[in-house]
$ cat query.cif   # mmCIF, C-alpha atoms
data_run
#
loop_
_atom_site.label_atom_id
_atom_site.label_comp_id
_atom_site.auth_asym_id
_atom_site.auth_seq_id
_atom_site.Cartn_x
_atom_site.Cartn_y
_atom_site.Cartn_z
CA MET Y 1 64.50 70.01 -95.89
CA PRO Y 2 67.06 67.85 -97.72
CA ARG Y 3 65.74 64.67 -99.26
CA GLU Y 4 65.99 61.40 -97.42
CA TRP Y 5 67.98 58.62 -99.07
CA LYS Y 6 66.54 55.15 -98.76
CA ILE Y 7 68.67 52.11 -97.99
CA LEU Y 8 67.21 48.62 -98.30
CA LEU Y 9 68.91 45.93 -96.19
CA VAL Y 10 68.28 42.36 -97.32
CA ASP Y 11 69.41 39.53 -95.03
CA ASP Y 12 67.52 36.71 -93.38
CA GLN Y 13 69.13 37.30 -89.97
CA ASP Y 14 67.64 40.13 -87.90
CA TYR Y 15 70.81 40.77 -85.97
CA THR Y 16 72.86 41.01 -89.17
CA ARG Y 17 70.54 43.67 -90.64
CA GLN Y 18 70.67 45.49 -87.33
CA LEU Y 19 74.46 45.37 -87.27
CA LEU Y 20 74.65 46.66 -90.83
CA ARG Y 21 72.27 49.50 -90.02
CA ASN Y 22 74.32 50.45 -86.94
CA LEU Y 23 77.55 50.42 -88.93
CA LEU Y 24 76.02 52.56 -91.68
CA MET Y 25 74.76 55.07 -89.13
CA SER Y 26 78.18 55.20 -87.45
CA VAL Y 27 80.11 55.64 -90.69
CA ALA Y 28 77.76 58.16 -92.33
CA PRO Y 29 78.90 61.24 -90.31
CA GLU Y 30 82.52 60.72 -91.42
CA PRO Y 31 83.56 64.08 -92.95
CA LYS Y 32 85.06 62.45 -96.02
CA LEU Y 33 81.60 61.31 -97.06
CA VAL Y 34 78.85 63.45 -98.55
CA GLN Y 35 76.45 64.20 -95.70
CA ARG Y 36 72.98 62.81 -96.33
CA ARG Y 37 69.94 61.80 -94.33
CA TYR Y 38 69.21 58.09 -94.56
CA SER Y 39 66.18 55.99 -93.80
CA PHE Y 40 66.22 52.21 -93.70
CA LEU Y 41 64.01 49.51 -95.12
CA GLN Y 42 64.49 45.88 -94.26
CA ALA Y 43 63.67 42.57 -95.89
CA SER Y 44 64.46 39.04 -94.77
CA THR Y 45 63.51 37.16 -97.94
CA ALA Y 46 63.91 37.62 -101.68
CA ALA Y 47 60.15 38.06 -102.05
CA GLN Y 48 60.02 40.80 -99.41
CA ALA Y 49 63.05 42.47 -100.95
CA SER Y 50 61.53 42.50 -104.40
CA TYR Y 51 58.29 43.95 -103.03
CA ALA Y 52 60.04 46.66 -101.00
CA PHE Y 53 62.31 47.51 -103.93
CA ASN Y 54 59.40 48.16 -106.28
CA LEU Y 55 57.27 49.95 -103.73
CA TYR Y 56 59.83 52.24 -102.09
CA ARG Y 57 62.46 52.60 -104.84
CA PRO Y 58 65.52 52.60 -102.54
CA ASP Y 59 68.69 54.44 -103.63
CA LEU Y 60 71.01 51.84 -102.20
CA VAL Y 61 70.57 48.11 -101.56
CA PHE Y 62 72.69 45.73 -99.49
CA LEU Y 63 71.77 42.28 -100.74
CA ASP Y 64 72.91 39.04 -99.13
CA ILE Y 65 73.71 36.28 -101.60
CA ASP Y 66 72.16 33.49 -99.47
CA LEU Y 67 68.46 34.02 -98.99
CA PRO Y 68 65.99 31.47 -97.68
CA ASP Y 69 63.72 31.69 -100.74
CA GLY Y 70 66.19 32.24 -103.52
CA ASN Y 71 69.61 33.15 -104.71
CA GLY Y 72 70.68 36.77 -104.17
CA LEU Y 73 72.42 36.83 -107.54
CA GLU Y 74 69.16 36.01 -109.32
CA LEU Y 75 67.41 38.72 -107.37
CA LEU Y 76 70.21 41.13 -108.28
CA HIS Y 77 69.57 40.35 -111.93
CA GLN Y 78 65.84 41.06 -111.53
CA LEU Y 79 66.38 44.30 -109.61
CA LYS Y 80 68.87 45.61 -112.16
CA GLU Y 81 66.44 44.73 -114.96
CA SER Y 82 63.75 46.75 -113.30
CA ARG Y 83 65.99 49.72 -112.36
CA LYS Y 84 69.33 49.83 -114.07
CA ASP Y 85 70.58 52.86 -112.16
CA CYS Y 86 70.17 51.40 -108.67
CA PHE Y 87 73.32 51.02 -106.56
CA ILE Y 88 73.36 47.44 -105.28
CA VAL Y 89 76.00 45.99 -102.99
CA MET Y 90 76.21 42.21 -102.83
CA VAL Y 91 77.06 40.68 -99.47
CA SER Y 92 78.44 37.20 -98.92
CA GLY Y 93 80.17 35.12 -96.29
CA VAL Y 94 82.30 33.53 -98.98
CA SER Y 95 84.79 35.53 -100.96
CA THR Y 96 85.25 33.16 -103.88
CA LEU Y 97 86.12 35.19 -106.91
CA ASP Y 98 83.46 33.43 -108.96
CA ASN Y 99 80.82 35.03 -106.76
CA VAL Y 100 82.46 38.42 -107.07
CA LYS Y 101 82.73 38.12 -110.85
CA SER Y 102 79.12 36.97 -111.24
CA ALA Y 103 77.96 39.86 -109.08
CA ILE Y 104 79.92 42.39 -111.15
CA SER Y 105 78.64 40.94 -114.41
CA GLU Y 106 75.05 41.16 -113.12
CA GLY Y 107 75.59 44.83 -112.35
CA ALA Y 108 76.49 44.92 -108.65
CA ALA Y 109 78.28 48.12 -107.73
CA SER Y 110 80.34 46.46 -105.04
CA PHE Y 111 80.80 43.29 -103.06
CA ILE Y 112 81.23 43.02 -99.30
CA VAL Y 113 82.68 39.89 -97.76
CA LYS Y 114 81.34 39.23 -94.28
CA PRO Y 115 82.09 39.83 -91.44
CA PHE Y 116 81.07 43.48 -91.76
CA ASN Y 117 83.26 46.21 -90.40
CA GLY Y 118 83.41 49.98 -90.63
CA ASP Y 119 86.27 50.00 -93.16
CA LYS Y 120 84.29 47.94 -95.66
CA ILE Y 121 81.16 50.04 -95.20
CA PHE Y 122 83.14 53.26 -95.55
CA ALA Y 123 84.70 52.10 -98.84
CA VAL Y 124 81.24 51.26 -100.19
CA MET Y 125 79.81 54.62 -99.11
CA GLN Y 126 82.70 56.42 -100.81
CA LEU Y 127 81.89 54.50 -103.97
CA PHE Y 128 78.24 55.44 -103.58
CA ASP Y 129 79.16 59.16 -103.35
CA GLN Y 130 81.20 58.79 -106.50
CA PHE Y 131 78.33 57.02 -108.26
CA ILE Y 132 75.83 59.76 -107.33
CA GLU Y 133 78.30 62.42 -108.46
CA GLU Y 134 78.78 60.70 -111.83
CA GLN Y 135 75.04 60.31 -112.25
CA SER Y 136 74.40 63.99 -111.63
CA VAL Y 137 77.16 64.97 -114.09
CA ALA Y 138 75.64 62.62 -116.68
CA LYS Y 139 72.19 64.17 -116.10
CA LYS Y 140 73.53 67.68 -116.61
CA MET Y 141 75.13 66.62 -119.89
CA THR Y 142 71.86 65.33 -121.33
CA MET C 1 110.47 54.43 -88.38
CA THR C 2 107.16 53.61 -89.99
CA LYS C 3 104.71 51.65 -87.87
CA ALA C 4 104.35 47.92 -88.44
CA LEU C 5 102.10 47.36 -91.42
CA ARG C 6 99.90 44.47 -92.47
CA ILE C 7 100.99 43.80 -96.01
CA LEU C 8 99.52 41.51 -98.64
CA LEU C 9 102.13 40.44 -101.15
CA ALA C 10 100.97 38.86 -104.40
CA GLU C 11 103.96 37.47 -106.25
CA ASP C 12 104.18 34.22 -108.21
CA ASP C 13 107.96 34.04 -108.34
CA MET C 14 108.39 32.11 -105.10
CA LEU C 15 112.08 32.80 -104.71
CA LEU C 16 111.61 36.53 -105.11
CA ALA C 17 108.52 36.38 -102.91
CA GLN C 18 110.48 34.71 -100.12
CA LEU C 19 113.18 37.32 -100.38
CA MET C 20 110.69 40.18 -100.18
CA LEU C 21 108.87 38.46 -97.36
CA LEU C 22 112.05 38.23 -95.30
CA GLN C 23 112.99 41.83 -95.99
CA LEU C 24 109.55 43.10 -95.08
CA GLN C 25 109.39 40.97 -91.95
CA ASP C 26 112.87 42.16 -91.04
CA ALA C 27 111.58 45.70 -91.21
CA GLY C 28 108.92 44.70 -88.67
CA HIS C 29 105.92 44.25 -90.98
CA GLN C 30 103.40 41.42 -91.04
CA VAL C 31 103.19 39.84 -94.45
CA GLU C 32 100.75 37.44 -96.05
CA LEU C 33 101.92 35.88 -99.26
CA VAL C 34 99.73 34.80 -102.18
CA ALA C 35 100.77 33.69 -105.66
CA GLU C 36 97.75 34.59 -107.80
CA GLY C 37 95.82 37.71 -108.67
CA GLU C 38 92.49 36.06 -107.91
CA THR C 39 93.55 35.06 -104.41
CA ALA C 40 94.91 38.56 -103.90
CA VAL C 41 91.53 40.11 -104.73
CA SER C 42 89.68 37.80 -102.30
CA ALA C 43 92.22 38.49 -99.56
CA ALA C 44 92.24 42.26 -100.10
CA LEU C 45 88.44 42.38 -99.82
CA SER C 46 88.82 41.39 -96.17
CA TYR C 47 90.16 44.94 -95.64
CA ALA C 48 92.68 43.41 -93.27
CA PHE C 49 95.71 44.95 -94.99
CA ASP C 50 97.25 48.41 -94.88
CA LEU C 51 99.03 47.87 -98.15
CA VAL C 52 98.69 45.46 -101.08
CA LEU C 53 101.70 44.77 -103.29
CA LEU C 54 100.74 43.26 -106.64
CA ASP C 55 103.14 41.75 -109.10
CA TRP C 56 102.25 42.74 -112.66
CA GLN C 57 102.71 39.36 -114.29
CA MET C 58 101.01 36.47 -112.55
CA PRO C 59 99.25 33.41 -113.96
CA GLY C 60 95.51 33.86 -114.45
CA MET C 61 94.54 37.32 -113.29
CA ASP C 62 97.53 39.66 -113.47
CA GLY C 63 98.28 42.55 -111.12
CA LEU C 64 96.66 45.17 -113.35
CA ALA C 65 93.42 43.20 -113.69
CA ALA C 66 93.35 42.51 -109.94
CA ALA C 67 93.81 46.22 -109.20
CA ALA C 68 91.12 47.17 -111.73
CA MET C 69 88.65 44.79 -110.10
CA LEU C 70 89.44 46.02 -106.58
CA ARG C 71 89.09 49.67 -107.59
CA GLN C 72 85.82 48.93 -109.38
CA LEU C 73 84.48 47.48 -106.14
CA GLY C 74 85.50 50.64 -104.27
CA TYR C 75 88.65 49.31 -102.61
CA ASN C 76 90.14 52.49 -101.15
CA ARG C 77 93.47 51.44 -99.67
CA PRO C 78 96.95 51.74 -101.18
CA LEU C 79 97.81 49.39 -104.03
CA VAL C 80 101.41 49.14 -105.20
CA LEU C 81 102.46 47.55 -108.45
CA LEU C 82 105.63 45.49 -108.57
CA SER C 83 107.19 45.47 -111.96
CA ALA C 84 110.52 45.32 -113.69
CA ASP C 85 109.40 48.31 -115.77
CA THR C 86 107.93 51.59 -114.69
CA VAL C 87 104.20 51.56 -115.36
CA GLU C 88 101.93 54.59 -115.29
CA SER C 89 98.48 53.62 -114.04
CA SER C 90 95.96 55.54 -112.02
CA LEU C 91 94.91 52.29 -110.32
CA PHE C 92 98.06 52.28 -108.22
CA ASP C 93 99.39 54.58 -105.54
CA ALA C 94 102.93 53.68 -106.48
CA CYS C 95 105.01 51.45 -108.67
CA LEU C 96 107.91 49.64 -107.09
CA GLN C 97 110.59 48.61 -109.44
CA LYS C 98 112.04 45.13 -109.28
CA PRO C 99 114.54 43.97 -108.17
CA PHE C 100 113.30 44.99 -104.80
CA GLN C 101 115.54 47.31 -102.78
CA PRO C 102 114.81 47.97 -99.10
CA ASP C 103 115.68 51.67 -99.54
CA SER C 104 113.30 52.19 -102.43
CA PHE C 105 110.62 50.33 -100.51
CA LEU C 106 110.95 52.67 -97.54
CA ALA C 107 110.86 55.72 -99.82
CA MET C 108 107.77 54.33 -101.53
CA LEU C 109 106.11 53.71 -98.16
CA ARG C 110 106.74 57.27 -97.09
CA ALA C 111 105.24 58.56 -100.33
CA VAL C 112 102.21 56.29 -100.24
CA LEU C 113 101.46 56.52 -96.53
CA GLY C 114 102.00 60.26 -96.46
CA ALA C 115 99.09 60.49 -98.90
CA ASP C 116 95.53 61.01 -97.87
CA LEU C 117 94.58 57.62 -96.50
CA PRO C 118 91.03 56.54 -95.71
CA PRO C 119 90.12 56.80 -92.03
CA GLN C 120 90.15 53.54 -90.09
CA PHE C 121 87.05 52.56 -88.22
CA ASN C 122 86.92 50.66 -85.00
CA LEU C 123 83.28 50.76 -84.15
CA ALA C 124 81.79 49.41 -80.98
CA VAL C 125 78.78 47.13 -81.28
CA SER C 126 76.08 48.09 -78.79
CA PRO C 127 75.47 45.71 -75.82
CA GLU C 128 71.84 45.28 -76.95
CA LEU C 129 72.95 44.05 -80.35
CA LYS C 130 75.52 41.73 -78.78
CA GLN C 131 72.76 40.37 -76.60
CA GLN C 132 70.58 39.83 -79.65
CA PHE C 133 73.42 37.89 -81.27
CA LYS C 134 73.85 35.81 -78.12
CA LEU C 135 70.18 34.87 -78.13
CA ALA C 136 70.46 33.81 -81.75
CA LEU C 137 73.62 31.89 -80.86
CA ALA C 138 71.77 29.84 -78.25
CA ASP C 139 69.35 28.76 -81.00
CA ILE C 140 72.22 28.06 -83.35
CA GLN C 141 73.82 25.85 -80.71
CA GLN C 142 70.66 23.74 -80.45
CA GLN C 143 70.29 23.50 -84.23
CA LEU C 144 73.91 22.44 -84.57
CA LEU C 145 73.58 19.77 -81.88
CA ARG C 146 70.47 18.40 -83.57
CA ALA C 147 72.22 18.42 -86.93
CA CYS C 148 75.12 16.48 -85.41
CA GLN C 149 72.79 13.88 -83.93
CA SER C 150 70.93 13.37 -87.18
CA ARG C 151 74.10 13.65 -89.29
CA ASP C 152 72.49 16.45 -91.23
CA GLU C 153 75.47 17.60 -93.25
CA ALA C 154 73.72 20.42 -95.08
CA THR C 155 72.70 22.09 -91.81
CA MET C 156 76.15 21.64 -90.31
CA ARG C 157 77.64 23.38 -93.32
CA ALA C 158 75.00 26.12 -93.37
CA ILE C 159 75.45 26.96 -89.68
CA THR C 160 79.22 26.98 -89.94
CA HIS C 161 78.94 29.30 -92.93
CA GLN C 162 76.59 31.60 -91.04
CA LEU C 163 78.92 31.78 -88.00
CA LYS C 164 81.94 32.51 -90.16
CA GLY C 165 80.14 35.48 -91.63
CA SER C 166 78.67 36.95 -88.48
CA ALA C 167 80.43 36.05 -85.23
CA GLU C 168 83.46 38.31 -85.57
CA SER C 169 81.32 41.41 -86.03
CA PHE C 170 79.88 40.79 -82.58
CA GLY C 171 83.25 40.40 -80.94
CA ALA C 172 83.45 36.61 -81.19
CA ALA C 173 86.54 36.45 -83.40
CA ALA C 174 87.58 33.01 -82.12
CA LEU C 175 84.25 31.62 -83.26
CA THR C 176 84.67 33.05 -86.75
CA ALA C 177 88.22 31.66 -86.90
CA GLU C 178 87.05 28.17 -85.92
CA ALA C 179 84.19 28.26 -88.46
CA ASP C 180 86.60 29.44 -91.14
CA LYS C 181 88.95 26.53 -90.32
CA LEU C 182 86.09 24.04 -90.72
CA GLN C 183 84.96 25.53 -94.01
CA ARG C 184 88.47 25.19 -95.37
CA LEU C 185 88.73 21.62 -94.06
CA TRP C 186 85.45 20.67 -95.75
CA GLN C 187 86.72 21.84 -99.10
CA THR C 188 88.94 18.76 -99.15
CA GLN C 189 87.51 16.38 -96.55
CA PRO C 190 84.07 14.95 -95.81
CA VAL C 191 82.01 16.44 -93.00
CA GLN C 192 82.15 14.48 -89.72
CA GLN C 193 80.46 15.29 -86.46
CA ASP C 194 83.61 15.06 -84.34
CA GLN C 195 85.17 17.91 -86.33
CA LEU C 196 82.56 20.17 -84.76
CA VAL C 197 83.75 19.67 -81.18
CA LEU C 198 85.93 22.79 -81.13
CA LEU C 199 83.25 24.91 -82.75
CA LEU C 200 80.69 23.76 -80.19
CA GLN C 201 83.17 24.53 -77.41
CA GLN C 202 83.66 28.05 -78.78
CA ILE C 203 79.90 28.56 -78.94
CA ALA C 204 79.55 27.41 -75.33
CA LEU C 205 82.37 29.75 -74.25
CA GLU C 206 80.75 32.64 -76.05
CA LEU C 207 77.38 31.92 -74.44
CA GLN C 208 79.00 31.81 -70.99
CA SER C 209 80.96 35.05 -71.45
CA ALA C 210 79.73 38.17 -69.73
CA PRO C 211 77.39 40.33 -71.83
#
$ encode --input "query.cif" --output "structure tokens"
Amino acid sequence: MPREWKILLVDDQDYTRQLLRNLLMSVAPEPKLVQRRYSFLQASTAAQASYAFNLYRPDLVFLDIDLPDGNGLELLHQLKESRKDCFIVMVSGVSTLDNVKSAISEGAASFIVKPFNGDKIFAVMQLFDQFIEEQSVAKKMT
Amino acid sequence: MTKALRILLAEDDMLLAQLMLLQLQDAGHQVELVAEGETAVSAALSYAFDLVLLDWQMPGMDGLAAAAMLRQLGYNRPLVLLSADTVESSLFDACLQKPFQPDSFLAMLRAVLGADLPPQFNLAVSPELKQQFKLALADIQQQLLRACQSRDEATMRAITHQLKGSAESFGAAALTAEADKLQRLWQTQPVQQDQLVLLLQQIALELQSAP
């Protein structure tokens, strides 16, 4: 049985997390992507996200920048401190480049500007494949 | 004939930009023009373009830096560098030499678009999820009306921001467009309740529309 990859979705709106999950499920079978089994974890606050992150150790996190109990960028910083090799995608409704730059400097792997669509999710999943590939090459080298 | 493309053109030389714009529009393409690398990165991240043309030398972030940032973020669509010199860079799918010639542009398009492009997704949102959004929208409408009555500017801004980010995904593109317009307006002007009339109308229309 192949392993299951865990995706943590962090957004305070239920319907947004649901939409993101649906899009991920629809894009995942695309033949240009590495085929994996995914399971989903959800959090609607920074506190819940932090808890789920430490408990379940997700492989991939979609993290909204605006959270009711904190700033997503600060949470990104904490999560990367605790697990440097986690693939975290920041999500925001505003595409100011300052946000994008801060996210990159805090270690975000990518940045999605809402509204979500399949093209954006696909690009992120391609990047995730590449990241996993690079990680496994790096492991073999050591 | 290539199909009509949505092209983002980042070029700070306005005269040259206008010339390219006309030529591209003449060839049947839709073009959005920006003059800075930073704006180009923000615009490209909308994934609304088939092709991004980046001038090498622009004030602030140049074309190479903009391309590097986009590729780092996983941007998987064609990027074309515009430069007076030929530049070898793996960030770009092609380099188009200035001055711009319609023939060389068409040849470049054939080369770039003949390549292995990412698939395009047009995914349907399930009726249940649309319904869930509509229920949330009814709440949002009430919150927005209350915020207008109490002149609660922070809430008006927050709700507008939320709608801009979510509505289009659920098929309410007009709502996202109206919210986007307000956000832009509020960058330069103070928030006033009467500016929200159109947004409230769009919300009402969306709530009345068939599921």
$ axis_aligned_box --input "query.cif" --around "region 90-105 of chain C" --padding-each-side "3 Å" --output "lines of an AutoDock Vina configuration file"
center_x = 105.3
center_y = 49.8
center_z = -105.6
size_x = 26.8
size_y = 17.6
size_z = 18.9
$ resolve_selection --input "query.cif" --expression "the PyMOL selection byres ((chain Y and resi 36) around 8)" --output "list in words"
Pro2, Glu4, Trp5, Ala28, Val34, Gln35, Arg37 and Tyr38 of chain Y
$ residues_around --input "query.cif" --residues "region 139-151 of chain C" --least-positions-apart "6" --cutoff "9 Å" --atoms "all atoms listed in the file" --output "list of chain:residue names"
C:Ile159, C:Thr160, C:Leu163, C:Gln192, C:Gln193, C:Asp194, C:Leu196, C:Leu200, C:Ile203, C:Ala204
$ resolve_selection --input "query.cif" --expression "the PyMOL selection byres ((chain C) within 8 of (chain Y))" --output "ChimeraX atom specification"
/C:38-39,41-42,45-47,72-76,119-123,125,129,132-133,161-162,164-169
$ closest_residue --input "query.cif" --among "Y:Ile132, Y:Ala43, Y:Leu73, Y:Met25" --to "Asp85 (chain Y)" --atoms "all atoms listed in the file"
Y:Ile132
$ resolve_selection --input "query.cif" --expression "the PyMOL selection byres ((chain Y and resi 86) around 8)" --output "list in words"
Pro58, Asp59, Leu60, Val61, Lys80, Arg83, Lys84, Asp85, Phe87 and Ile88 of chain Y
$ atom_distance --input "query.cif" --atom1 "CA of Leu33 (chain C)" --atom2 "CA of Leu91 (chain C)"
21.0 Å
$ closest_residue --input "query.cif" --among "Y:Asp11, Y:Ala138, Y:Ala103, Y:Ser82" --to "Gly70 (chain Y)" --atoms "all atoms listed in the file"
Y:Asp11
$ atom_distance --input "query.cif" --atom1 "CA of Asp50 (chain C)" --atom2 "CA of Lys3 (chain C)"
10.7 Å
